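Text of start33.cif, listed as mmCIF, C-alpha atoms:
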```
data_my_file
loop_
_atom_site.label_atom_id
_atom_site.label_comp_id
_atom_site.auth_asym_id
_atom_site.auth_seq_id
_atom_site.Cartn_x
_atom_site.Cartn_y
_atom_site.Cartn_z
CA MET A 1 -27.04 13.31 -40.56
CA ASP A 2 -26.83 9.81 -39.11
CA LEU A 3 -26.18 8.40 -42.57
CA GLN A 4 -23.22 10.72 -42.97
CA ASN A 5 -22.00 9.70 -39.52
CA ASP A 6 -22.24 6.05 -40.57
CA ARG A 7 -20.22 6.63 -43.74
CA THR A 8 -17.62 8.64 -41.83
CA ASP A 9 -17.37 5.90 -39.23
CA ASP A 10 -17.02 3.21 -41.86
CA PHE A 11 -14.29 5.21 -43.55
CA ILE A 12 -12.40 5.85 -40.29
CA LEU A 13 -12.68 2.19 -39.28
CA GLY A 14 -11.58 0.96 -42.70
CA ARG A 15 -14.87 -0.78 -43.46
CA LEU A 16 -15.50 0.78 -46.83
CA GLY A 17 -14.76 -1.40 -49.86
CA GLY A 18 -12.77 -0.31 -52.92
CA ALA A 19 -15.39 1.55 -55.00
CA GLU A 20 -17.31 2.91 -52.06
CA ARG A 21 -14.13 4.18 -50.48
CA GLU A 22 -13.13 5.98 -53.63
CA ARG A 23 -16.60 7.55 -53.83
CA PHE A 24 -16.25 8.75 -50.25
CA VAL A 25 -12.80 10.21 -50.87
CA GLY A 26 -14.26 12.01 -53.90
CA ASP A 27 -17.05 13.42 -51.72
CA MET A 28 -14.50 14.60 -49.18
CA GLU A 29 -12.56 16.47 -51.81
CA LYS A 30 -15.71 18.37 -52.80
CA ASP A 31 -17.10 18.97 -49.29
CA GLU A 32 -15.02 20.85 -46.71
CA TYR A 33 -17.52 20.10 -43.95
CA LEU A 34 -17.21 16.39 -44.64
CA ARG A 35 -13.42 16.70 -44.60
CA ALA A 36 -13.54 18.52 -41.26
CA ASP A 37 -15.96 15.96 -39.84
CA VAL A 38 -13.69 13.07 -40.89
CA ALA A 39 -10.67 14.83 -39.39
CA LEU A 40 -12.54 15.50 -36.15
CA THR A 41 -13.89 11.94 -35.94
CA GLY A 42 -10.39 10.60 -36.56
CA GLU A 43 -8.96 12.75 -33.77
CA ILE A 44 -11.74 11.66 -31.44
CA ALA A 45 -11.01 8.01 -32.26
CA ASP A 46 -7.28 8.58 -31.55
CA ALA A 47 -8.08 10.35 -28.27
CA LEU A 48 -10.35 7.47 -27.24
CA GLY A 49 -7.53 5.04 -28.05
CA ARG A 50 -5.03 7.01 -25.97
CA ARG A 51 -7.54 7.15 -23.13
CA ALA A 52 -8.18 3.40 -23.33
CA GLU A 53 -4.43 2.72 -23.15
CA LYS A 54 -4.16 4.96 -20.08
CA VAL A 55 -7.09 3.13 -18.47
CA GLU A 56 -5.33 -0.21 -19.07
CA LYS A 57 -2.17 1.14 -17.47
CA MET A 58 -4.15 2.38 -14.48
CA LYS A 59 -5.83 -0.99 -14.04
CA LYS A 60 -2.42 -2.66 -14.03
CA TRP A 61 -1.06 -0.19 -11.47
CA GLU A 62 -4.15 -0.58 -9.31
CA SER A 63 -3.88 -4.37 -9.23
CA GLY A 64 -0.16 -4.06 -8.43
CA ARG A 65 -1.00 -1.59 -5.67
CA VAL A 66 -3.65 -3.87 -4.21
CA VAL A 67 -1.23 -6.83 -4.22
CA ARG A 68 1.48 -4.71 -2.57
CA LYS A 69 -1.00 -3.44 0.01
CA ARG A 70 -2.01 -7.03 0.88
CA LEU A 71 1.62 -8.11 1.01
CA LYS A 72 2.46 -5.18 3.25
CA ARG A 73 -0.44 -6.05 5.54
CA THR A 74 0.62 -9.71 5.67
CA THR A 75 4.25 -8.77 6.29
CA ILE A 76 3.33 -6.39 9.10
CA TRP A 77 1.05 -9.00 10.64
CA THR A 78 3.64 -11.76 10.38
CA ALA A 79 6.40 -9.50 11.73
CA SER A 80 4.15 -8.48 14.65
CA VAL A 81 3.37 -12.10 15.45
CA ALA A 82 7.05 -13.02 15.21
CA ALA A 83 8.02 -10.06 17.41
CA CYS A 84 5.39 -11.01 20.01
CA ALA A 85 6.57 -14.61 19.94
CA ALA A 86 10.17 -13.50 20.33
CA LEU A 87 9.23 -11.19 23.23
CA LEU A 88 7.23 -13.98 24.80
CA LEU A 89 10.10 -16.42 24.52
CA TRP A 90 12.63 -13.90 25.78
CA GLY A 91 10.36 -12.82 28.61
CA VAL A 92 8.77 -16.10 29.57
CA TRP A 93 11.76 -18.40 29.14
CA PRO A 94 13.52 -17.04 32.21
CA TYR A 95 10.27 -17.68 34.08
CA SER A 96 10.29 -21.29 33.11
CA TYR A 97 11.59 -23.51 35.80
CA TYR A 98 12.91 -25.90 33.20
CA GLY A 99 15.22 -23.19 31.86
CA LEU A 100 16.68 -22.57 35.29
CA GLN A 101 17.16 -25.88 37.03
CA ASP A 102 20.49 -27.61 37.24
CA ARG A 103 19.47 -31.02 35.93
CA ASP A 104 22.94 -32.52 36.31
CA PHE A 105 23.03 -31.56 39.99
CA LEU A 106 19.59 -33.02 40.59
CA ALA A 107 20.51 -36.22 38.76
CA SER A 108 23.72 -36.63 40.73
CA ARG A 109 22.05 -36.55 44.17
CA GLY A 110 22.13 -39.89 45.94
CA THR A 111 19.24 -41.26 47.94
CA GLY A 112 21.31 -40.66 51.08
CA ASP A 113 20.39 -36.98 50.90
CA ILE A 114 17.25 -36.61 52.98
CA TYR A 115 15.85 -33.75 51.00
CA ILE A 116 15.95 -35.85 47.78
CA SER A 117 13.05 -38.01 48.87
CA LEU A 118 11.15 -34.86 49.82
CA TRP A 119 11.87 -33.42 46.35
CA ASN A 120 10.63 -36.63 44.73
CA SER A 121 7.43 -36.47 46.70
CA GLY A 122 7.00 -32.81 45.75
CA ASP A 123 7.23 -31.55 49.32
CA TYR A 124 9.58 -28.68 48.58
CA GLU A 125 8.74 -26.72 51.72
CA GLN A 126 9.83 -29.64 53.85
CA ALA A 127 12.89 -30.21 51.64
CA LEU A 128 13.87 -26.57 52.22
CA THR A 129 13.44 -26.98 55.95
CA SER A 130 15.54 -30.16 55.82
CA ILE A 131 18.33 -28.40 53.88
CA ASP A 132 18.28 -25.45 56.28
CA SER A 133 18.59 -27.73 59.30
CA LEU A 134 21.44 -29.64 57.63
CA MET A 135 23.17 -26.33 56.89
CA PHE A 136 22.67 -25.26 60.49
CA SER A 137 24.20 -28.51 61.79
CA ALA A 138 27.10 -28.30 59.37
CA GLY A 139 27.65 -24.67 60.26
CA ALA A 140 27.67 -25.43 63.96
CA GLU A 141 30.17 -28.25 63.51
CA ALA A 142 32.36 -26.12 61.26
CA ALA A 143 32.34 -23.33 63.85
CA LEU A 144 33.41 -25.74 66.61
CA LEU A 145 36.29 -27.05 64.53
CA SER A 146 37.36 -23.57 63.38
CA ASP A 147 37.53 -22.36 67.01
CA LYS A 148 40.14 -25.00 67.85
CA GLU A 149 43.67 -23.73 67.99
CA SER A 150 45.03 -26.68 66.13
CA LEU A 151 43.34 -29.45 64.22
CA THR A 152 44.31 -33.02 63.77
CA THR A 153 44.63 -34.37 60.26
CA GLN A 154 41.26 -36.06 60.60
CA GLU A 155 39.67 -32.84 61.88
CA SER A 156 41.16 -30.92 58.92
CA TYR A 157 39.66 -33.40 56.48
CA ARG A 158 36.39 -33.21 58.38
CA LEU A 159 36.35 -29.39 58.16
CA SER A 160 37.08 -29.50 54.40
CA TYR A 161 34.28 -32.01 53.93
CA ILE A 162 31.83 -29.85 55.91
CA LYS A 163 32.69 -26.78 53.85
CA LEU A 164 32.15 -28.74 50.66
CA HIS A 165 28.89 -30.10 52.05
CA GLN A 166 27.78 -26.58 52.96
CA TYR A 167 28.57 -25.47 49.41
CA GLU A 168 26.49 -28.33 48.01
CA LEU A 169 23.63 -27.58 50.41
CA LYS A 170 23.56 -23.92 49.37
CA TRP A 171 23.22 -24.97 45.71
CA ALA A 172 20.55 -27.51 46.68
CA ARG A 173 18.71 -24.72 48.55
CA ILE A 174 18.76 -22.58 45.45
CA GLN A 175 17.42 -25.50 43.34
CA THR A 176 14.65 -26.06 45.88
CA LEU A 177 13.64 -22.40 45.78
CA LEU A 178 13.45 -22.68 41.98
CA LYS A 179 11.20 -25.74 42.30
CA MET A 180 9.00 -23.68 44.60
CA LYS A 181 9.05 -20.85 42.01
CA GLU A 182 10.48 -18.52 44.66
CA TYR A 183 12.55 -16.70 42.06
CA GLY A 184 13.17 -13.59 44.14
CA ARG A 185 14.65 -15.54 47.03
CA ALA A 186 16.55 -17.77 44.60
CA CYS A 187 18.02 -14.66 42.96
CA ASP A 188 19.17 -13.29 46.33
CA ASN A 189 20.76 -16.64 47.23
CA VAL A 190 22.49 -17.13 43.90
CA THR A 191 23.92 -13.59 43.88
CA SER A 192 26.06 -14.36 46.94
CA PHE A 193 26.62 -18.00 45.93
CA ALA A 194 28.07 -17.03 42.53
CA LYS A 195 30.92 -15.18 44.31
CA MET A 196 32.10 -18.41 45.94
CA ASP A 197 34.67 -20.56 44.16
CA GLY A 198 33.44 -24.01 43.44
CA PRO A 199 32.25 -26.45 40.79
CA TYR A 200 28.86 -24.70 40.42
CA GLN A 201 30.19 -21.16 40.07
CA GLU A 202 29.78 -21.00 36.30
CA ARG A 203 26.24 -22.38 36.50
CA ALA A 204 25.47 -19.96 39.29
CA GLU A 205 26.59 -17.01 37.14
CA LYS A 206 24.31 -18.08 34.30
CA LEU A 207 21.41 -18.61 36.66
CA LYS A 208 22.01 -15.21 38.25
CA LYS A 209 21.78 -13.51 34.82
CA LYS A 210 18.54 -15.28 33.97
CA LEU A 211 16.97 -14.46 37.30
CA LYS A 212 18.02 -10.82 37.10
CA ILE A 213 16.38 -10.51 33.67
CA ARG A 214 13.23 -11.91 35.18
CA ARG A 215 13.47 -9.48 38.05
CA ARG A 216 13.82 -6.48 35.66
CA GLN A 217 10.63 -7.57 33.96
CA MET B 1 5.23 7.98 1.72
CA GLY B 2 2.85 10.89 1.16
CA PHE B 3 4.97 13.33 3.13
CA ILE B 4 7.83 12.89 0.66
CA PHE B 5 5.82 14.30 -2.22
CA LYS B 6 5.61 17.92 -1.17
CA ARG B 7 4.28 20.66 -3.38
CA THR B 8 7.77 21.18 -4.77
CA ASP B 9 7.83 17.60 -6.05
CA ASP B 10 4.71 18.17 -8.11
CA SER B 11 6.96 19.91 -10.61
CA LEU B 12 9.02 16.74 -10.88
CA PHE B 13 5.86 14.73 -11.48
CA VAL B 14 4.75 17.15 -14.18
CA ARG B 15 8.13 16.97 -15.93
CA LYS B 16 8.36 13.18 -15.79
CA VAL B 17 4.73 12.51 -16.71
CA ARG B 18 5.02 14.92 -19.62
CA ASP B 19 8.08 12.93 -20.75
CA ARG B 20 5.98 9.76 -20.40
CA ASP B 21 8.30 8.24 -17.79
CA GLU B 22 6.31 5.14 -16.81
CA THR B 23 7.88 4.82 -13.38
CA TYR B 24 6.82 8.32 -12.44
CA GLU B 25 3.43 7.88 -14.06
CA ARG B 26 2.81 4.91 -11.77
CA ARG B 27 4.14 6.77 -8.71
CA PHE B 28 1.99 9.77 -9.51
CA TYR B 29 -1.02 7.49 -9.86
CA GLU B 30 -0.36 5.83 -6.49
CA HIS B 31 0.26 9.17 -4.80
CA CYS B 32 -3.03 10.59 -6.07
CA ARG B 33 -4.86 7.35 -5.32
CA THR B 34 -3.76 7.39 -1.70
CA SER B 35 -4.82 11.01 -1.34
CA PHE B 36 -8.16 10.25 -2.99
CA GLU B 37 -8.83 7.29 -0.69
CA ARG B 38 -8.32 9.54 2.30
CA MET B 39 -10.87 11.97 0.85
CA PHE B 40 -13.27 9.30 -0.35
CA GLY B 41 -13.88 8.21 3.21
CA THR B 42 -16.21 11.21 3.54
CA MET B 43 -18.19 10.35 0.39
CA SER B 44 -20.41 7.75 1.94
CA PHE B 45 -23.14 7.89 -0.66
CA TYR B 46 -20.97 6.32 -3.35
CA GLY B 47 -20.03 2.66 -3.43
CA PRO B 48 -16.49 1.37 -3.98
CA LYS B 49 -17.00 0.81 -7.73
CA ASP B 50 -18.33 4.34 -8.15
CA SER B 51 -15.33 5.71 -6.30
CA ASP B 52 -12.95 3.76 -8.58
CA ASP B 53 -14.69 5.19 -11.65
CA ILE B 54 -14.70 8.72 -10.26
CA PHE B 55 -11.02 8.56 -9.40
CA GLN B 56 -10.18 7.10 -12.79
CA ASP B 57 -12.01 9.87 -14.61
CA ALA B 58 -10.52 12.61 -12.44
CA PHE B 59 -6.99 11.23 -12.73
CA LEU B 60 -7.35 10.90 -16.50
CA VAL B 61 -8.27 14.58 -16.75
CA VAL B 62 -5.13 15.68 -14.93
CA TRP B 63 -2.92 13.13 -16.67
CA THR B 64 -4.19 14.31 -20.05
CA GLU B 65 -3.70 17.95 -19.13
CA ILE B 66 -0.11 17.29 -18.10
CA GLN B 67 0.66 15.35 -21.27
CA SER B 68 -0.95 17.96 -23.46
CA GLY B 69 0.96 20.73 -21.71
CA LYS B 70 -2.05 22.45 -20.22
CA ILE B 71 -0.48 21.80 -16.83
CA PHE B 72 3.18 22.64 -16.97
CA THR B 73 6.06 23.49 -14.72
CA GLU B 74 8.35 26.49 -14.69
CA GLY B 75 10.97 27.39 -12.14
CA GLY B 76 9.92 24.53 -9.90
CA ARG B 77 6.31 25.75 -9.79
CA VAL B 78 3.26 24.23 -11.41
CA PHE B 79 0.99 26.26 -13.69
CA ARG B 80 -2.28 25.58 -15.44
CA MET B 81 -3.65 27.15 -18.59
CA ASN B 82 -7.32 28.08 -18.56
CA GLY B 83 -9.72 27.97 -21.51
CA GLU B 84 -8.63 31.44 -22.62
CA GLY B 85 -4.98 30.44 -22.84
CA GLU B 86 -3.98 32.32 -19.68
CA SER B 87 -1.67 30.57 -17.22
CA SER B 88 -1.85 30.80 -13.48
CA GLU B 89 0.01 28.99 -10.75
CA LEU B 90 -1.78 26.00 -9.28
CA LYS B 91 -2.67 27.01 -5.73
CA CYS B 92 -2.97 23.47 -4.45
CA SER B 93 -1.05 20.23 -4.90
CA LEU B 94 -1.73 18.03 -7.91
CA SER B 95 -3.33 15.36 -5.75
CA THR B 96 -5.70 17.94 -4.24
CA PHE B 97 -6.48 19.11 -7.76
CA VAL B 98 -7.41 15.54 -8.73
CA ASN B 99 -9.66 15.34 -5.68
CA ASP B 100 -11.33 18.64 -6.62
CA ILE B 101 -12.04 17.33 -10.10
CA ALA B 102 -13.44 14.14 -8.58
CA ARG B 103 -15.73 16.19 -6.36
CA ASN B 104 -16.97 18.16 -9.37
CA LEU B 105 -17.54 14.98 -11.34
CA CYS B 106 -19.66 13.65 -8.46
CA LEU B 107 -21.75 16.80 -8.47
CA LYS B 108 -22.08 16.70 -12.25
CA SER B 109 -23.13 13.06 -12.10
CA ALA B 110 -25.68 13.86 -9.40
CA ARG B 111 -27.22 16.54 -11.59
CA HIS B 112 -27.69 13.87 -14.27
CA ASP B 113 -26.41 16.00 -17.12
CA GLY B 114 -27.69 14.34 -20.25
CA PRO B 115 -26.12 14.69 -23.65
CA GLY B 116 -27.09 18.00 -25.23
CA ILE B 117 -27.35 18.39 -28.98
CA VAL B 118 -26.02 21.35 -30.89
CA SER B 119 -28.65 22.23 -33.42
CA ASP B 120 -26.28 23.37 -36.08
CA ILE B 121 -23.53 20.78 -36.11
CA THR B 122 -22.25 22.05 -39.41
CA LYS B 123 -21.11 25.26 -37.73
CA ALA B 124 -19.08 23.19 -35.34
CA ILE B 125 -17.49 21.25 -38.15
CA ALA B 126 -16.73 24.42 -40.07
CA ILE B 127 -14.71 25.73 -37.14
CA PHE B 128 -12.96 22.44 -36.73
CA SER B 129 -11.40 22.63 -40.13
CA GLU B 130 -8.20 21.19 -41.44
CA ASN B 131 -5.34 23.28 -40.27
CA ASN B 132 -1.71 22.53 -40.81
CA ASP B 133 -0.49 24.92 -38.13
CA ALA B 134 1.33 22.74 -35.59
CA HIS B 135 0.36 24.89 -32.63
CA GLU B 136 -3.33 24.91 -33.55
CA ARG B 137 -3.21 21.17 -34.15
CA GLU B 138 -1.78 20.74 -30.68
CA VAL B 139 -4.47 22.96 -29.19
CA ARG B 140 -7.14 20.98 -31.03
CA MET B 141 -5.74 17.67 -29.80
CA ARG B 142 -5.70 18.98 -26.23
CA VAL B 143 -9.29 20.16 -26.51
CA VAL B 144 -10.42 16.83 -27.95
CA GLU B 145 -8.71 14.88 -25.17
CA GLU B 146 -10.17 17.15 -22.52
CA CYS B 147 -13.67 16.83 -23.89
CA VAL B 148 -13.29 13.04 -24.14
CA SER B 149 -12.16 12.82 -20.52
CA LEU B 150 -15.15 14.91 -19.39
CA LEU B 151 -17.75 12.85 -21.27
CA PRO B 152 -20.21 10.81 -19.17
CA ARG B 153 -18.80 7.38 -18.44
CA ARG B 154 -21.47 5.58 -20.44
CA CYS B 155 -20.62 7.59 -23.56
CA VAL B 156 -16.90 6.98 -23.16
CA GLU B 157 -17.47 3.24 -22.86
CA ILE B 158 -19.71 3.02 -25.93
CA LEU B 159 -17.46 5.21 -28.08
CA THR B 160 -14.31 3.35 -26.95
CA MET B 161 -15.89 0.01 -27.82
CA PHE B 162 -16.91 1.35 -31.22
CA TYR B 163 -13.83 3.32 -32.31
CA PHE B 164 -10.99 1.72 -30.37
CA LYS B 165 -12.07 -1.90 -30.01
CA LYS B 166 -13.90 -1.72 -33.38
CA MET B 167 -16.89 -3.68 -32.02
CA SER B 168 -20.17 -3.84 -33.93
CA MET B 169 -23.41 -2.46 -32.48
CA GLU B 170 -24.62 -5.96 -31.73
CA GLU B 171 -21.40 -6.81 -29.90
CA ILE B 172 -21.58 -3.58 -27.91
CA ALA B 173 -25.24 -4.21 -26.99
CA SER B 174 -24.47 -7.69 -25.67
CA ALA B 175 -21.27 -6.56 -23.88
CA ARG B 176 -23.05 -3.75 -22.02
CA LYS B 177 -25.84 -5.99 -20.69
CA GLU B 178 -28.26 -3.08 -20.56
CA ASN B 179 -31.11 -4.88 -22.31
CA VAL B 180 -30.84 -2.46 -25.23
CA SER B 181 -30.97 -3.45 -28.89
CA ALA B 182 -28.24 -2.76 -31.43
CA ASN B 183 -30.34 0.15 -32.75
CA GLY B 184 -30.61 1.53 -29.24
CA VAL B 185 -26.81 1.39 -28.89
CA LYS B 186 -26.43 3.11 -32.27
CA THR B 187 -28.75 5.91 -31.18
CA SER B 188 -26.79 6.32 -27.95
CA LYS B 189 -23.51 6.30 -29.82
CA ASN B 190 -24.67 9.00 -32.22
CA LYS B 191 -26.02 11.13 -29.38
CA CYS B 192 -22.75 10.79 -27.48
CA MET B 193 -20.73 11.61 -30.56
CA ASN B 194 -22.84 14.69 -31.31
CA LYS B 195 -22.57 15.82 -27.70
CA LEU B 196 -18.81 15.36 -27.83
CA LYS B 197 -18.47 17.29 -31.06
CA SER B 198 -20.67 20.02 -29.63
CA ASP B 199 -18.44 20.25 -26.54
CA ILE B 200 -15.36 20.43 -28.72
CA TYR B 201 -16.95 23.16 -30.82
CA THR B 202 -17.88 25.11 -27.68
CA LYS B 203 -14.31 24.98 -26.39
CA ILE B 204 -12.46 25.41 -29.61
CA GLY B 205 -14.97 27.89 -30.99
CA TYR B 206 -13.99 30.36 -28.31
CA GLY B 207 -11.07 32.32 -29.68
CA PHE B 208 -11.34 30.56 -33.03
CA ALA B 209 -14.85 31.56 -34.12
CA LYS B 210 -15.19 33.98 -37.01
#
```

As a first step, turn the structure in this file into structure tokens.
Amino acid sequence: MDLQNDRTDDFILGRLGGAERERFVGDMEKDEYLRADVALTGEIADALGRRAEKVEKMKKWESGRVVRKRLKRTTIWTASVAACAALLLWGVWPYSYYGLQDRDFLASRGTGDIYISLWNSGDYEQALTSIDSLMFSAGAEAALLSDKESLTTQESYRLSYIKLHQYELKWARIQTLLKMKEYGRACDNVTSFAKMDGPYQERAEKLKKKLKIRRRQ
Amino acid sequence: MGFIFKRTDDSLFVRKVRDRDETYERRFYEHCRTSFERMFGTMSFYGPKDSDDIFQDAFLVVWTEIQSGKIFTEGGRVFRMNGEGESSELKCSLSTFVNDIARNLCLKSARHDGPGIVSDITKAIAIFSENNDAHEREVRMRVVEECVSLLPRRCVEILTMFYFKKMSMEEIASARKENVSANGVKTSKNKCMNKLKSDIYTKIGYGFAK
């Protein structure tokens, strides 16, 4: 039986030489069982070939699937990290003092302003107190002048100067509160300050938006 | 993506896979693979390599049945022909069907079914005679493919190496790394081949036997 199997296999696989092949073909013509066995073996060989081709296809699909899975995982991870970073920047940036301060205003202050030296020494509480007392003095003087029925030219100039000084002090107060990280109080101050006409109005509007975002968070 | 492929889309898969549309073949594979991986999580006693082999064998069975027409679609519904040639509608989705086959293959593997030998192989050959009838040829081809896909993995590998890759016994013995000689491989190959022919006879003999 095994010998017949060997001959059949050799025939199917094309291993039989000229004379031997002819002998086998002759045997097949005389033996229907041999013919059937060769036919069956041939069909089995074809089926195995078709199966092997399918297995190759499946291996290719599987490796493609694994690569896509990894890529998907990497993409999701990267997108999550990017989203967290974006949220962090969007959320934290308003918290950052350096995103809020008016650097031009700070740079333009002369040493004559008392609170400047307190800023430089980091004593913001004292600087705030100093600003508040300056505002109180200016307010008192402005009230006295406003109560007068008529003002001299000099008094008019003085009143204008005081109002401008008050405006500057209010902005300096807001900057001090930012240095102290008192964002809530700064937000309250800037909300009313932004309604006043003046050189810092635009900056005040921007600061108000940033502080309100922070407040919502 | 799984929710897109409802039962009704199985009929599309069957149509496209039968037409050998490679895009749909790949999609069908991935769909079944995903479903299998969800099921495989419960099969803790098999390792990852075993699960790959089991899925491959199960998927090949269904793929072959679709291509041979044993699984077909009609009116948007999927049907399957049994061994007696009777068709009935598939009660589950194709992916569930693949998983069921995988489960059965696991059980079969656990029972350690060895290759059986039909004592009278000549009877089998007599039934599997030359026949020019196209329909019977198609039936025969389907039976052969089915029996090949249900063979134990070891047999499939040896027979594929021998008939498809045309390797010699020595080459097969060294490729398999089983510490078996070329003669040992030859014995295994003959046993597997006889078992396969016996299975084919058993299936094709029914309804064809004199």

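The spacing separating CA of Ala138 in chain A from CA of Lys206 in chain A amounts to 27.2 Å.
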
Box in all listed atoms of range 44-63 of chain A, axis-aligned, with 4 Å more on each side; write out centre and edge lengths in Å to one decimal as lines of an AutoDock Vina configuration file.
```
center_x = -6.4
center_y = 3.6
center_z = -20.7
size_x = 18.7
size_y = 24.0
size_z = 31.0
```

Item to complete: List the residues sitting within 7 Å of (25.8, -19.0, 39.2) in the file's frame, using all atoms listed in the file, as a ChimeraX atom specification.
Response: /A:190,193-194,200-208

Worksheet entry | Target residues per the PyMOL selection byres ((chain A) within 6 of (chain B)), formatted as a list in words |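 Taken on the displayed file, the PyMOL selection byres ((chain A) within 6 of (chain B)) yields the residues Tyr33, Ala36, Asp37, Ala45, Ala47, Leu48 and Gly49 of chain A.
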
With a distance cut-off of 12 Å and all atoms listed in the file, select the neighbouring residues of Ser87 in chain B, excluding the residue or stretch itself and same-chain residues fewer than 5 positions from it, and output the selection as an mmCIF file with C-alpha atoms, in the frame of the given file.
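Saved to out.cif:
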```cif
data_model
loop_
_atom_site.group_PDB
_atom_site.id
_atom_site.type_symbol
_atom_site.label_atom_id
_atom_site.label_comp_id
_atom_site.auth_asym_id
_atom_site.auth_seq_id
_atom_site.Cartn_x
_atom_site.Cartn_y
_atom_site.Cartn_z
ATOM 1 C CA GLY B 69 0.960 20.730 -21.710
ATOM 2 C CA LYS B 70 -2.050 22.450 -20.220
ATOM 3 C CA ILE B 71 -0.480 21.800 -16.830
ATOM 4 C CA PHE B 72 3.180 22.640 -16.970
ATOM 5 C CA THR B 73 6.060 23.490 -14.720
ATOM 6 C CA GLU B 74 8.350 26.490 -14.690
ATOM 7 C CA ARG B 77 6.310 25.750 -9.790
ATOM 8 C CA VAL B 78 3.260 24.230 -11.410
ATOM 9 C CA PHE B 79 0.990 26.260 -13.690
ATOM 10 C CA ARG B 80 -2.280 25.580 -15.440
ATOM 11 C CA MET B 81 -3.650 27.150 -18.590
ATOM 12 C CA ASN B 82 -7.320 28.080 -18.560
#
```
